[in-house]
Structure formats: structure tokens, C-alpha cells
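What follows is a set of notes on a single structure, which appears directly below.
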Amino acid sequence: MSNEIQKLQKAFNGQDPIKARKQAKNAAIGAAMEAFDKENSTFRKGNTIETRLKGQGNTTGNRLVEILTLAKWRKSMKLSYILAGSASVAVLTLAVINTNQIQHLIDPGLTDAKPEAEQAEKKQPTILNDMAAEGIIAPASPPSPAPLVREMTKTKGLGSRKMMARPQLGGIRQGDQRVSSYIARSPDQPVLPQLKPQNRDKFDEVNTSPLKLTQQEPVSTFSVDVDTASYSFMRASINRNVLPPKDSVRVEEMINYFPYAYQGPASQEAPFKANVTITPTPWNTNTKLIHIGIKGFDIPKQAKQHSNLVFLLDTSGSMNAPNKLPLLKNSFKLLLSTLAPDDTISIVAYAGSAGTVLKPTKAKDMNKILAALDRLQAGGSTAGGEGIRLAYQLAESSFVKKGINRIILATDGDFNVGITDQRQLKDFIERKRETGVFLSILGFGTGNYNDALMQTLAQNGNGNASYIDNLSEARKVLVEEASSTLFTIAKDVKIQMEFNPQTVSEYRLIGYETRKLKREDFNNDKVDAGDIGSGHTVTAIYEITPSNAANKQIDPLRYNAPKAGKPAGQQLEYGFLKLRYKLPNEDKSKLIETPVKIADTLDTFASAPQDVRFATTVAAYGQLLRGGKYTGTYNYDDVIKQALAAKGQDTYGYRAEFINLVRLARSAAKMKARGN
Amino acid sequence: MTTSDDELVAQANAGNGAAFSVLLERHYDMIYRLAFRMLSNRQDAEDLAQDICITLPKKLKSFHGKSKLTTWLYQVTMNSGRDFLRRRTSIQKLHDEFADVDSLQKAADRERQKDAEWAYSAISTLSQNLRETALLVVAEGLNHAETAKILGIREATVSWRMMKLRQHLKALALSEAGDRHE
């Protein structure tokens with residue numbers, strides 16, 4: 001070998017990073033073992049994943065059973081990692097079982113390749129030896145389990161191996177999440193080095209609705225919210241393995257993301273129906289939840305009115321990303337497929353300046369519309385204000401008197417030319433609301449997303465805001481829920497709940513922080529509120545502490561004893577629910593009232609209807625993401641368990657997706673807690 | 001006495017997780033090492049190694065024992081490493097920002113021994129073909145026949161490439177000597 005080559009060889013072998021790090025190795029093997037389990041899932045048909053045993057605090061016994069359950073599922077391979085983390089008593093017992101399992105593991109069924117019984121027999125101990133050699137288990141010494149236990153607890157590798165079972169939890173490198181990002185992508189996806197731009201997403205600060213004392217403030221008033229943007233934003237964020245910013249989480253939007261099969265009204269006369277369910281609180285034994293599920297009337301398809309839609313599309317430079325303009329174009333193509341031939345479409349695009357891309361055109365001229373869409377290209381600054389003005393102009397020019405007139409604004413919300421002041425835009429849109437043109441907002445992209453502005457626009461323009469992070473979300477909003485997105489059946493829907501101080505000592509509304517109204521606004525028809533579309537469901541949940549509960553969160557006042565002498569009938573109610581709404585083309589509101597009867601309280605949470613349980617679970621998850629101020633020891637595992645139990649038919653897979661997101665959030669939260 | 005790789009593969013393919021984990025324990029270091037030598041930074045190498053491990057349960061089913069398992073694993077790693085490099089360069093072209101990040105990473109790795117730095121700068125100037133051959137023959141210490149198998153080329157080509165490598169290194173040494181004299 002020549003000198004040069006020798007020098008090169010010496011250099012290669014002398015370097016330090018060439019030695020694989022134990023942690024990285026463990027993480028890789030852990031991830032691979034999970035992939036292996038998945039790949040070979042058909043081999044363990046008999047073994048089902050048993051639900052985690054519940055128990056306040058992990059007593060050794062409980063923990064042991066739990067470990068054994070897990071062990072069965074994981075086919076003993078990962079026992080050693082679990083072992084390292086558990087109490088010593090558990091270790092002792094387990095080690096014995098472990099060896100048994102490993103020996104059973106290599107059963108004749110798996111050795112079809114070499115059927116000779118002798119060979120198979122010989123093999124069993126050898127794999128054990130191999131495992132010992134590689135440090136997976138300690139060397140097996142069959143006669144008595146005791147030395148084995150000693151070995152196992154002594155073996156150094158075991159301690160660090162704890163991480164293997166869940167590599168995503170053990171963020172490996174400080175400040176780098178890439179190794180751990182397996183939770184965010186499937187194994188087949190390539191590792192793309194991610195460009196992480198500065199986070200410029202804007203969210204207004206939101207404080208969680210506080211606990212209220214019924215004595216002091218018996219009435220709670222808010223506007224319905226059918227937006228779902230917060231949920232999709234959370235999904236996009238968690239799929240990047242990052243917990244969403246606390247202020248971006250609006251619990252009510254997360255709850256309302258899901259379709260629920262609440263009972264609806266019989267006719268369009270009363271456009272919606274409120275279903276009230278009272279259940280125990282999963283995260284607090286002292287309180288109850290009042291679950292209000294509102295279902296809008298579902299307009300039959302043939303009865304749908306003509307629509308006049310103006311697409312207002314942001315084509316500014318900031319939209320130049322795969323998850324923005326191209327996604328937007330495809331989303332609108334999806335929407336086009338749902339329209340009737342006579343519906344009118346116009347397209348306004350804005351970048352540095354706004355311009356009409358497509359004059360009002362009937363939907364049957366599909367090619368013309370598609371061609372116009374395809375011509376769009378991103379570039380320049382964003383004169384969104386000007387675009388909005390032009391869009392309203394177009395919408396008014398082809399106004400359909402007895403139909404839907406709606407502007408659909410698609411943007412990342414970064415208005416930086418023209419009217420850029422939020423307040424000014426809000427004023428403009430408020431004035432335009434009078435004309436009968438509705439506004440829907442579709443948010444795209446991250447990194448530059450102006451959530452606050454989108455919310456302001458949608459809330460003031462008789463509209464709704466959705467966040468589109470992928471094509472299936474576009475399908476959900478624009479195709480499956482097109483009728484609720486486009487056909488408003490009631491506007492300015494407000495909810496007022498009056499609590500009975502004799503039966504309810506404290507209450508709090510979960511979510512709806514940005515939708516709070518003043519008590520006097522409820523009857524004031526000039527005050528704008530949220531709209532409900534055809535078939536929409538809206539859910540609101542109150543957590544109340546009944547006056548007879550043992551532990552109240554706020555101490556009672558010494559000098560303010562409740563006055564006696566109220567009619568006895570009122571003792572039977574927790575409160576009184578009032579809803580106000582206007583029909584889409586009316587200005588005077590109507591009222592629906594329902595008492596909330598104590599007698600309707602369900603004994604157990606599990607006996608509640610499935611949709612109620614699911615909505616409550618989503619509410620719990622949203623609260624956890626917001627910091628979990630009121631959720632006690634309730635954690636992501638509980639969310640997963642409850643969501644699994646309430647998944648139901650789940651035709652479109654939204655709930656399954658939710659459960660996966662919670663799993664990812666659980667890992668992301670643990671990583672965050674570790675400071676990675 | 002240890003179970004052979006082939007036996008473990010057969011067991012793993014039959015759904016035996018224990019066998020699979022033994023394989024991983026045995027060969028992860030090699031996968032990581034080659035990944036590191038190809039990508040010349042630890043983070044990418046760890047990522048790539050983990051990626052490869054994750055795809056192994058599926059890929060292993062297409063391993064029919066025609067070659068040694070290590071040869072096959074070298075191939076798999078080599079191919080994944082090539083893909084990774086391709087992606088890394090195309091993304092570098094697209095995003096200046098990423099280049100910044102990458103240069104930061106490189107700066108950290110630069111703390112490794114001088115010799116290694118020399119080795120990498122020496123092979124970084126080689127063509128891809130020569131570099132891969134150098135990694136397998138010089139760094140991994142494989143013989144020409146096995147290297148040929150992994151790269152899917154003839155043994156004579158490996159020998160020829162090694163000759164080229166020697167010439168290249170000699171020229172490099174000369175020019176370095178020249179630098180010192182100036």
C-alpha cells in the first residue's frame with residue numbers, strides 16, 4: 001500500500017465522531033423496532049394492545065401489571081428499556097418472565113425455514129446469547145433467575161436504553177429536532193433538511209376565560225364561532241413537531257372543527273336546535289360539564305340557492321410556496337366542482353395592485369375559469385385592502401337578490417400595501433356587511449400567517465375563517481362542508497346562559513375567549529355575532545361547580561350568605577339557556593329558550609352520547625395545549641384514551657387524525673419539557 | 001457461538017423482533033460509520049442511519065442472501081447516502097439560508113482532528129466515483145472484490161480507481177508542499 005493511501009487510512013480511522021453515539025443508536029433501533037412491529041403486525045394478531053390501567057398514582061402493583069401488559073404487546077423485546085425505569089420489585093419479577101417470553105418467542109412456528117427440530121432447539125439459546133452479546137439482554141443463565149436479575153440491573157447499556165421505546169421523547173441533540181422528528185413523518189418520507197424561517201405568524205394574546213362566581217356574575221354571554229382555523233393551524237404546527245403557540249389555540253374552534261351528529265330542527269322555520277347534556281367532568285371530580293350542542297338546519301341539496309362568488313386571491317410574493325398558491329389553486333378547483341352551472345364566479349387577484357382576473361362568469365364555463373386560475377403567479381407585495389374593495393365591487397355588480405353573495409378571500413394575511421391598518425379594514429368590511437355580501441376567509445401557509453387580521457375580517461364581515469394546510473383540509477372546507485361554509489341559515493347567533501346561584505357556585509366557559517359579548521349586547525340587534533351555516537354544528541361547554549360540591553375552587557364569602565325564600569322549582573335547574581339569532585335576510589332577532597335541568601345530569605361520563613364525549617375530549621386537549629390551568633392531572637394519555645373510546649364511525653377519518661395529533665403533541669410536549 | 005446473519009434475517013423476516021434487534025445492534029455502527037464518512041457531519045449521519053434502520057424491516061424482505069448481509073447493507077447505505085447528498089446539494093442551491101445553517105454545522109464539526117480534516121478535504125476534491133471507492137477500500141478496509149460488489153462494478157475498475165486515487169493524493173501532497181514553501 002502506498003504512503004498516501006496509508007496516510008489517508010490513518011486519518012480516517014483516527015477521527016472521533018466516527019464512533020456511533022449510544023443515544024443515537026438506541027433511538028435509531030427504537031424507531032426501527034416500531035417500524036418492525038408495524039411491518040409485522042400480522043404476526044401478532046392474537047395480542048391486542050391493552051388499555052393502560054388507570055389508577056391514581058402508580059403503585060408498584062399497578063405499574064407491574066401495566067408493564068406486563070405492555071410486555072405482552074411488545075413481545076418482550078423492549079422490556080429491558082421499560083425495566084430500567086421501573087421499581088426494583090417490578091424488575092425482579094419481570095426479569096423472570098422476560099426470559100420465559102424470549103424463549104417462547106422463538107417457537108417452532110417461526111422456524112419453518114429449517115424444520116429440523118434439533119436445529120430449532122439449538123437455536124433458542126443462541127439467540128439469547130446473541131442478544132446478550134449485543135448488550136440487549138444480560139447473558140442468560142438458565143438454572144436460576146436470580147443472577148440474571150443482578151446482571152440485568154447491573155448492565156450499563158440498559159439505563160440509556162430506556163429511551164429506545166420512544167425515540168421521539170428522548171430528543172437527542174440539543175437544539176436539533178431532526179432525529180426525533182420521526183413522529184412527524186412516516187418512515188418512507190425522505191429526511192428533508194428543513195428551512196426554518198423566522199416565525200412571523202401573528203396571534204393576538206388571548207387570556208383563558210377565568211372562573212366566575214355565580215353570585216357575582218350569574219350571566220355569561222358570547223357569540224357562536226364556527227371557524228376552524230385554529231385546529232388546522234395546530235395540525236400544521238404539530239406536524240412540524242412543534243407545539244402551537246398558546247395564543248393560537250382557540251378551544252372552541254378545535255371543538256367545532258369536527259362534525260357532530262346532534263339532533264337538528266325539523267324545519268327551516270326554527271333554523272337550529274340546542275341539545276343540552278350534563279356530565280361529570282373527566283378532569284375534575286368536583287365539577288360537572290354542561291355541553292350545549294347546536295345543530296343548524298340542513299338545507300336539502302335541490303333547494304339550494306344560486307350563488308354569486310367572488311374569489312379574492314392573494315398572489316403576492318409571500319404566497320410563493322407549495323403550501324400556499326399551488327394549494328390555493330387546487331382548493332378552488334375543488335370548490336368549482338361543487339357549484340351549479342348557473343352560479344357566477346369572478347376572480348380578483350391582488351399583489352402589488354389588485355386586478356380583475358376573471359369577470360363574472362357562469363360556472364358552466366369551467367374551462368375559462370380554470371384557465372384564469374392557472375394563469376395566476378405569485379410575486380410582489382400585498383395590496384390586500386385594495387383587493388377587498390374591488391371584490392366587493394364585483395360582488396355587488398352581479399348581486400343575486402335571493403341567493404348567496406359571498407367573497408372568498410384566500411391569503412396568508414400579510415397585507416402590506418394600501419389599507420394595512422386592521423381597524424380601517426374592519427370599518428370598511430363592517431360597512432360592506434350591510435350590502436348583504438358575506439365574506440369567507442381561507443388562510444394559507446405558516447411563517448407569515450396573520451391570524452389576528454383574518455379573525456377580524458371574518459368576524460366583522462359576516463363570515464367564517466378556515467385555515468387550509470393541505471388538500472384534504474381544502475376538501476373538507478370547500479366540498480364536504482361547502483353548504484355550511486357557503487349557505488348561511490342564521491346570522492348573529494348569540495348564546496346567553498344565566499346560572500342559578502342556588503345550585504351553581506362557580507362556572508367557566510371553555511374557549512370562546514375572543515367571542516365574549518357584554519350582557520347587554522345579547523338583546524341588541526345592532527351587535528354583530530357569528531353565523532351558522534346549513535348543517536353546521538356548534539358546541540359550547542361550561543364547567544360548573546354545583547353548590548353542594550365538596551371542594552370549591554373559590555372560597556365562599558363570609559358576609560354574603562345566599563338569600564332564602566326563592567321558589568322551590570328553581571332548585572331543580574342549573575341555569576337557563578337563551579339563544580338569539582336572525583334569519584339571513586332579516587334584521588330582527590328571534591329567541592330560543594331552554595332550562596338546564598339538574599335531573600338531566602348523567603351519572604357517569606361514559607354514559608354520555610359519543611359525540612358529547614368526543615367534543616369534551618377535544619376541549620380537554622385544547623385546554624392542555626393552552627397550558628391546562630383547570631385540567632389538573634388530566635394528560636394527553638387520557639385524551640387519547642377517551643378519544644379512542646369516542647371515535648365512532650368517523651367516515652372521513654377526522655377523529656383518527658385527531659388521535660394521531662394528540663400522540664404527536666404528547667411527544668412534542670415532552671421534548672419541550674426536556675428543553676430540546 | 002453466535003447466530004449467523006443469514007439465520008437472523010430469516011427469523012426477522014418471519015416476524016421475530018428479537019432477531020431483528022440483534023441484527024440492528026450488530027450492524028448499526030457500520031451503517032452510521034459509512035453514513036458519516038459520506039456526509040461528513042454527525043447530525044446528518046445519525047439521521048440517515050436512523051432512516052435506514054426504519055426502512056430495514058421492509059427492505060430486509062428483499063434480501064435473499066445472494067451476497068453477504070454486510071455487503072448488502074453497504075449497498076443500502078451507499079444508495080441512501082447518495083440520495084441524501086443529492087437532496088442536500090439541491091436544497092443548498094435553492095436556499096441560501098440553509099447553506100448558512102449547514103456551514104454552522106460544518107464549523108462545529110471542524111473541531112475534529114486535523115488529520116481527519118485533511119482526509120476529508122483530500123477526498124472532497126475527488127469525483128463521486130473515486131470518493132465512494134476510497135471510502136470503502138481505505139476507510140472501511142474492504143477488499144477490492146467486495147467493494148466491486150457493493151458498487152456494482154468490476155473488480156478491475158476498483159483497482160483502476162485506487163490507482164487514480166493514489167495519483168490524486170500524490171499531486172495533492174506536492175501542491176501542499178508547494179504551499180508551505182511560498
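Identifiers in the C-alpha cells: chain A, B, ... in order shown; residue index from 1 per chain; ligand index from 1 in order shown.
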
A:Ile388 surroundings by only C-alpha atoms, 12 Å radius, close-in-sequence under 6 positions cut, as a PyMOL selection string: chain A and resi 310-314+347-351+353-356+382+394-395+406-411+415+418-420+425-426+428-429+432+437+439-441+457+461

Near chain A, which residues of chain B fall within 8 Å when you count only C-alpha atoms, and what do they look like as a PDB file with C-alpha atoms, in the first residue's frame?
```
ATOM      1  CA  MET B   1     -21.264 -19.117  19.474  1.00  0.00           C
ATOM      2  CA  THR B   2     -23.262 -16.594  17.551  1.00  0.00           C
ATOM      3  CA  THR B   3     -26.113 -17.000  15.155  1.00  0.00           C
ATOM      4  CA  ALA B  10     -34.701 -15.443   8.194  1.00  0.00           C
ATOM      5  CA  GLN B  11     -36.031 -15.181  11.735  1.00  0.00           C
ATOM      6  CA  ALA B  14     -40.625 -14.402   9.919  1.00  0.00           C
ATOM      7  CA  GLY B  15     -41.620 -11.714  12.416  1.00  0.00           C
ATOM      8  CA  ASN B  16     -39.130 -12.309  15.183  1.00  0.00           C
ATOM      9  CA  GLY B  17     -38.357  -8.942  16.707  1.00  0.00           C
ATOM     10  CA  ALA B  18     -35.570 -10.321  18.852  1.00  0.00           C
ATOM     11  CA  ALA B  19     -33.659 -11.475  15.822  1.00  0.00           C
ATOM     12  CA  PHE B  20     -34.183  -8.162  14.107  1.00  0.00           C
ATOM     13  CA  SER B  21     -32.889  -6.227  17.067  1.00  0.00           C
ATOM     14  CA  VAL B  22     -29.767  -8.354  17.192  1.00  0.00           C
ATOM     15  CA  LEU B  24     -29.533  -3.820  14.267  1.00  0.00           C
ATOM     16  CA  GLU B  25     -27.264  -3.949  17.289  1.00  0.00           C
ATOM     17  CA  ARG B  26     -24.667  -5.730  15.278  1.00  0.00           C
ATOM     18  CA  TYR B  28     -25.828  -0.085  13.236  1.00  0.00           C
ATOM     19  CA  ASP B  29     -22.267   1.080  13.857  1.00  0.00           C
ATOM     20  CA  TYR B  32     -23.612   5.014  10.856  1.00  0.00           C
ATOM     21  CA  ARG B  33     -19.906   4.974  10.092  1.00  0.00           C
ATOM     22  CA  PHE B  36     -20.783   9.689   8.482  1.00  0.00           C
ATOM     23  CA  ARG B  37     -17.988   9.204   6.009  1.00  0.00           C
ATOM     24  CA  ARG B  42     -22.601  13.745  12.591  1.00  0.00           C
ATOM     25  CA  GLU B  46     -27.319   9.961  12.570  1.00  0.00           C
ATOM     26  CA  ASP B  47     -30.449  10.975  10.754  1.00  0.00           C
ATOM     27  CA  LEU B  48     -29.577   8.915   7.747  1.00  0.00           C
ATOM     28  CA  ALA B  49     -28.641   5.891   9.833  1.00  0.00           C
ATOM     29  CA  GLN B  50     -31.937   6.071  11.671  1.00  0.00           C
ATOM     30  CA  ASP B  51     -33.798   6.388   8.400  1.00  0.00           C
ATOM     31  CA  CYS B  53     -32.870   1.355  10.182  1.00  0.00           C
ATOM     32  CA  ILE B  54     -36.513   2.275   9.889  1.00  0.00           C
ATOM     33  CA  THR B  55     -36.745   1.070   6.325  1.00  0.00           C
ATOM     34  CA  LEU B  56     -34.932  -2.158   7.085  1.00  0.00           C
ATOM     35  CA  PRO B  57     -37.922  -4.199   8.277  1.00  0.00           C
ATOM     36  CA  LYS B  58     -39.416  -3.755   4.828  1.00  0.00           C
ATOM     37  CA  PHE B  84     -29.211  12.265   0.823  1.00  0.00           C
ATOM     38  CA  ARG B  87     -31.066  16.273  -1.810  1.00  0.00           C
ATOM     39  CA  ARG B  88     -28.676  18.241   0.287  1.00  0.00           C
ATOM     40  CA  ILE B  91     -31.613  22.254  -1.395  1.00  0.00           C
ATOM     41  CA  HIS B  95     -31.986  28.142  -0.098  1.00  0.00           C
ATOM     42  CA  GLU B  97     -30.446  30.238   4.440  1.00  0.00           C
ATOM     43  CA  PHE B  98     -29.944  26.551   4.635  1.00  0.00           C
ATOM     44  CA  ARG B 112     -12.342  17.198  14.903  1.00  0.00           C
ATOM     45  CA  GLN B 113      -8.749  16.149  14.466  1.00  0.00           C
ATOM     46  CA  ASP B 115      -5.795  14.532  10.188  1.00  0.00           C
ATOM     47  CA  ALA B 116      -9.381  13.731   9.576  1.00  0.00           C
ATOM     48  CA  TRP B 118      -7.081  16.583   5.812  1.00  0.00           C
ATOM     49  CA  ALA B 119      -8.591  13.253   4.801  1.00  0.00           C
ATOM     50  CA  VAL B 138      -9.432   2.821   2.530  1.00  0.00           C
ATOM     51  CA  ALA B 139     -11.753   3.827   5.322  1.00  0.00           C
ATOM     52  CA  ARG B 166      -3.003   7.408  -5.368  1.00  0.00           C
ATOM     53  CA  LEU B 169      -3.185  12.151  -3.356  1.00  0.00           C
ATOM     54  CA  LYS B 170       0.367  12.421  -4.585  1.00  0.00           C
TER      55      LYS B 170
END
```

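Each of B:Leu39, B:Leu69, B:Ile52, B:Ala173 was checked against B:Asp5 using only C-alpha atoms; the smallest atom-to-atom distance is that of B:Leu69.
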
d(atom CA of B:Leu60, atom CA of B:Asn13) in Å: 7.1 Å

Write out as a PyMOL selection string all residues of stretch 439-594 of chain A that backbone DSSP assigns to strand (DSSP E or B). chain A and resi 439-444+450+463-468+488-499+504-510+516+530-533+537-546+573-582+590-594

When you look at A:Arg613 with a cut-off of 8 Å (counting only C-alpha atoms), what residues show up, excluding the ones that are within fewer than 5 positions of it in the same chain? I need them as JSON, numbers by chain. {"A": [605, 606, 608, 642, 643, 646]}

Hey, can you spit out that residue selection with C-alpha atoms as a short mmCIF file (atom, residue, chain, number, x, y, z; two decimals), in the first residue's frame?
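To be explicit, this is the file written out as result_1.cif:
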```cif
data_model
loop_
_atom_site.label_atom_id
_atom_site.label_comp_id
_atom_site.auth_asym_id
_atom_site.auth_seq_id
_atom_site.Cartn_x
_atom_site.Cartn_y
_atom_site.Cartn_z
CA PHE A 605 -69.11 10.41 31.73
CA ALA A 606 -69.05 7.12 29.86
CA ALA A 608 -72.85 10.39 27.63
CA GLN A 642 -61.11 8.95 25.70
CA ALA A 643 -60.86 9.91 22.06
CA ALA A 646 -65.50 8.06 21.37
#
```

Neighbours of stretch 464-472 of chain A within 6 Å (only C-alpha atoms; same-chain residues fewer than 3 positions away dropped), as a ChimeraX atom specification? /A:227-229,232,440-444,458,475

Grab the atom CA of B:Lys68 to atom CA of B:Asp6 distance for me, in Å with one decimal place. 8.2 Å

DSSP on the backbone, then: every residue of stretch 39-76 of chain B marked alpha helix (DSSP H), written as a PDB file with N, CA and C atoms, in the first residue's frame.
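Wrote it out as states25.pdb, contents follow:
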```
ATOM      1  N   LEU B  39     -21.340  11.727   4.454  1.00  0.00           N
ATOM      2  CA  LEU B  39     -21.992  13.016   4.640  1.00  0.00           C
ATOM      3  C   LEU B  39     -21.120  14.001   5.405  1.00  0.00           C
ATOM      4  N   ARG B  42     -21.998  14.708  11.681  1.00  0.00           N
ATOM      5  CA  ARG B  42     -22.601  13.745  12.591  1.00  0.00           C
ATOM      6  C   ARG B  42     -24.132  13.770  12.521  1.00  0.00           C
ATOM      7  N   GLN B  43     -24.694  14.981  12.496  1.00  0.00           N
ATOM      8  CA  GLN B  43     -26.148  15.050  12.581  1.00  0.00           C
ATOM      9  C   GLN B  43     -26.816  14.387  11.381  1.00  0.00           C
ATOM     10  N   ASP B  44     -26.306  14.730  10.198  1.00  0.00           N
ATOM     11  CA  ASP B  44     -26.886  14.118   9.007  1.00  0.00           C
ATOM     12  C   ASP B  44     -26.699  12.600   9.040  1.00  0.00           C
ATOM     13  N   ALA B  45     -25.521  12.204   9.503  1.00  0.00           N
ATOM     14  CA  ALA B  45     -25.228  10.775   9.510  1.00  0.00           C
ATOM     15  C   ALA B  45     -26.164  10.038  10.463  1.00  0.00           C
ATOM     16  N   GLU B  46     -26.412  10.614  11.624  1.00  0.00           N
ATOM     17  CA  GLU B  46     -27.319   9.961  12.570  1.00  0.00           C
ATOM     18  C   GLU B  46     -28.728   9.892  12.005  1.00  0.00           C
ATOM     19  N   ASP B  47     -29.119  10.981  11.373  1.00  0.00           N
ATOM     20  CA  ASP B  47     -30.449  10.975  10.754  1.00  0.00           C
ATOM     21  C   ASP B  47     -30.556   9.896   9.690  1.00  0.00           C
ATOM     22  N   LEU B  48     -29.535   9.876   8.849  1.00  0.00           N
ATOM     23  CA  LEU B  48     -29.577   8.915   7.747  1.00  0.00           C
ATOM     24  C   LEU B  48     -29.566   7.489   8.289  1.00  0.00           C
ATOM     25  N   ALA B  49     -28.726   7.239   9.278  1.00  0.00           N
ATOM     26  CA  ALA B  49     -28.641   5.891   9.833  1.00  0.00           C
ATOM     27  C   ALA B  49     -29.994   5.482  10.409  1.00  0.00           C
ATOM     28  N   GLN B  50     -30.634   6.398  11.091  1.00  0.00           N
ATOM     29  CA  GLN B  50     -31.937   6.071  11.671  1.00  0.00           C
ATOM     30  C   GLN B  50     -32.958   5.794  10.561  1.00  0.00           C
ATOM     31  N   ASP B  51     -32.899   6.604   9.536  1.00  0.00           N
ATOM     32  CA  ASP B  51     -33.798   6.388   8.400  1.00  0.00           C
ATOM     33  C   ASP B  51     -33.620   5.006   7.803  1.00  0.00           C
ATOM     34  N   ILE B  52     -32.367   4.655   7.637  1.00  0.00           N
ATOM     35  CA  ILE B  52     -32.085   3.351   7.039  1.00  0.00           C
ATOM     36  C   ILE B  52     -32.619   2.247   7.935  1.00  0.00           C
ATOM     37  N   CYS B  53     -32.386   2.385   9.243  1.00  0.00           N
ATOM     38  CA  CYS B  53     -32.870   1.355  10.182  1.00  0.00           C
ATOM     39  C   CYS B  53     -34.382   1.200  10.072  1.00  0.00           C
ATOM     40  N   ILE B  54     -35.054   2.332   9.926  1.00  0.00           N
ATOM     41  CA  ILE B  54     -36.513   2.275   9.889  1.00  0.00           C
ATOM     42  C   ILE B  54     -37.012   1.556   8.635  1.00  0.00           C
ATOM     43  N   THR B  55     -36.275   1.716   7.548  1.00  0.00           N
ATOM     44  CA  THR B  55     -36.745   1.070   6.325  1.00  0.00           C
ATOM     45  C   THR B  55     -36.331  -0.405   6.264  1.00  0.00           C
ATOM     46  N   LEU B  56     -35.443  -0.788   7.160  1.00  0.00           N
ATOM     47  CA  LEU B  56     -34.932  -2.158   7.085  1.00  0.00           C
ATOM     48  C   LEU B  56     -35.996  -3.264   7.232  1.00  0.00           C
ATOM     49  N   PRO B  57     -36.951  -3.105   8.157  1.00  0.00           N
ATOM     50  CA  PRO B  57     -37.922  -4.199   8.277  1.00  0.00           C
ATOM     51  C   PRO B  57     -38.548  -4.561   6.932  1.00  0.00           C
ATOM     52  N   LYS B  58     -38.813  -3.505   6.133  1.00  0.00           N
ATOM     53  CA  LYS B  58     -39.416  -3.755   4.828  1.00  0.00           C
ATOM     54  C   LYS B  58     -38.365  -4.252   3.837  1.00  0.00           C
ATOM     55  N   LYS B  59     -37.236  -3.524   3.813  1.00  0.00           N
ATOM     56  CA  LYS B  59     -36.208  -3.829   2.816  1.00  0.00           C
ATOM     57  C   LYS B  59     -35.637  -5.236   2.993  1.00  0.00           C
ATOM     58  N   LEU B  69     -24.728 -10.298   4.115  1.00  0.00           N
ATOM     59  CA  LEU B  69     -25.611  -9.246   4.604  1.00  0.00           C
ATOM     60  C   LEU B  69     -24.867  -7.912   4.681  1.00  0.00           C
ATOM     61  N   THR B  70     -23.600  -7.953   5.124  1.00  0.00           N
ATOM     62  CA  THR B  70     -22.863  -6.694   5.241  1.00  0.00           C
ATOM     63  C   THR B  70     -22.703  -6.029   3.874  1.00  0.00           C
ATOM     64  N   THR B  71     -22.430  -6.826   2.867  1.00  0.00           N
ATOM     65  CA  THR B  71     -22.302  -6.266   1.518  1.00  0.00           C
ATOM     66  C   THR B  71     -23.594  -5.565   1.129  1.00  0.00           C
ATOM     67  N   TRP B  72     -24.683  -6.260   1.409  1.00  0.00           N
ATOM     68  CA  TRP B  72     -25.992  -5.711   1.065  1.00  0.00           C
ATOM     69  C   TRP B  72     -26.259  -4.427   1.854  1.00  0.00           C
ATOM     70  N   LEU B  73     -25.894  -4.440   3.144  1.00  0.00           N
ATOM     71  CA  LEU B  73     -26.120  -3.253   3.968  1.00  0.00           C
ATOM     72  C   LEU B  73     -25.265  -2.076   3.488  1.00  0.00           C
ATOM     73  N   TYR B  74     -24.032  -2.380   3.055  1.00  0.00           N
ATOM     74  CA  TYR B  74     -23.198  -1.331   2.480  1.00  0.00           C
ATOM     75  C   TYR B  74     -23.896  -0.720   1.265  1.00  0.00           C
ATOM     76  N   GLN B  75     -24.485  -1.584   0.471  1.00  0.00           N
ATOM     77  CA  GLN B  75     -25.191  -1.088  -0.728  1.00  0.00           C
ATOM     78  C   GLN B  75     -26.353  -0.178  -0.349  1.00  0.00           C
ATOM     79  N   VAL B  76     -27.142  -0.678   0.592  1.00  0.00           N
ATOM     80  CA  VAL B  76     -28.303   0.104   1.013  1.00  0.00           C
ATOM     81  C   VAL B  76     -27.863   1.471   1.551  1.00  0.00           C
TER      82      VAL B  76
END
```

If you measure from atom CA of A:Ile495 to atom CA of A:Tyr262, what distance in Å do you get, rounded to one decimal?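 We find that atom CA of A:Ile495 and atom CA of A:Tyr262 lie 17.4 Å from each other.
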
Could you list, as a PyMOL selection string, every residue within 7 Å of stretch 335-337 of chain A, counting only C-alpha atoms and ignoring same-chain residues fewer than 3 positions away? chain A and resi 331-332+478-479

Selected residues written out, C-alpha atoms, as a CSV table (one decimal), in the first residue's frame:
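Result went into out.csv, see below:
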```
chain,number,residue,atom,x,y,z
A,331,SER,CA,-58.5,24.1,-3.5
A,332,PHE,CA,-60.5,26.3,-5.7
A,478,LEU,CA,-64.9,23.5,0.3
A,479,VAL,CA,-66.5,20.3,-0.7
```

Leaving out A:Asn660 and any residue of its chain fewer than 6 positions from it, which residues lie within 12 Å of it when counting only C-alpha atoms, given as a list in words? Ile183, Ala184, Arg185, Arg235, Ile238, Asn239, Tyr636, Asp637, Val639, Ile640, Lys641, Ala643, Leu644, Gly653, Tyr654, Arg666 and Ser667 of chain A

Take the residues just selected and output them with C-alpha atoms as a tab-separated table (two decimals), in the first residue's frame.
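Saved as again_28.tsv:
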```tsv
chain	number	residue	atom	x	y	z
A	183	ILE	CA	-43.14	11.28	14.94
A	184	ALA	CA	-43.86	13.84	12.28
A	185	ARG	CA	-43.19	11.81	9.22
A	235	ARG	CA	-52.25	20.45	12.97
A	238	ILE	CA	-47.71	19.73	15.32
A	239	ASN	CA	-46.88	18.02	12.07
A	636	TYR	CA	-52.50	13.62	26.82
A	637	ASP	CA	-52.75	9.91	27.55
A	639	VAL	CA	-57.16	12.42	25.92
A	640	ILE	CA	-56.03	9.60	23.66
A	641	LYS	CA	-57.87	7.01	25.67
A	643	ALA	CA	-60.86	9.91	22.06
A	644	LEU	CA	-60.35	6.28	21.09
A	653	GLY	CA	-61.13	9.92	9.38
A	654	TYR	CA	-61.04	13.30	11.14
A	666	ARG	CA	-47.69	14.38	23.71
A	667	SER	CA	-44.21	13.74	22.37
```

Exercise: A:Gln553 partners within 12 Å, only C-alpha atoms, chain neighbours under 5 positions left out, as a ChimeraX atom specification: /A:210-213,284,286-287,505-508,543-547,630

Of the candidates B:Leu130, B:Ser124, B:Met78, B:Val9, which shows the shortest atom-to-atom distance to B:Lys164, using only C-alpha atoms? B:Leu130
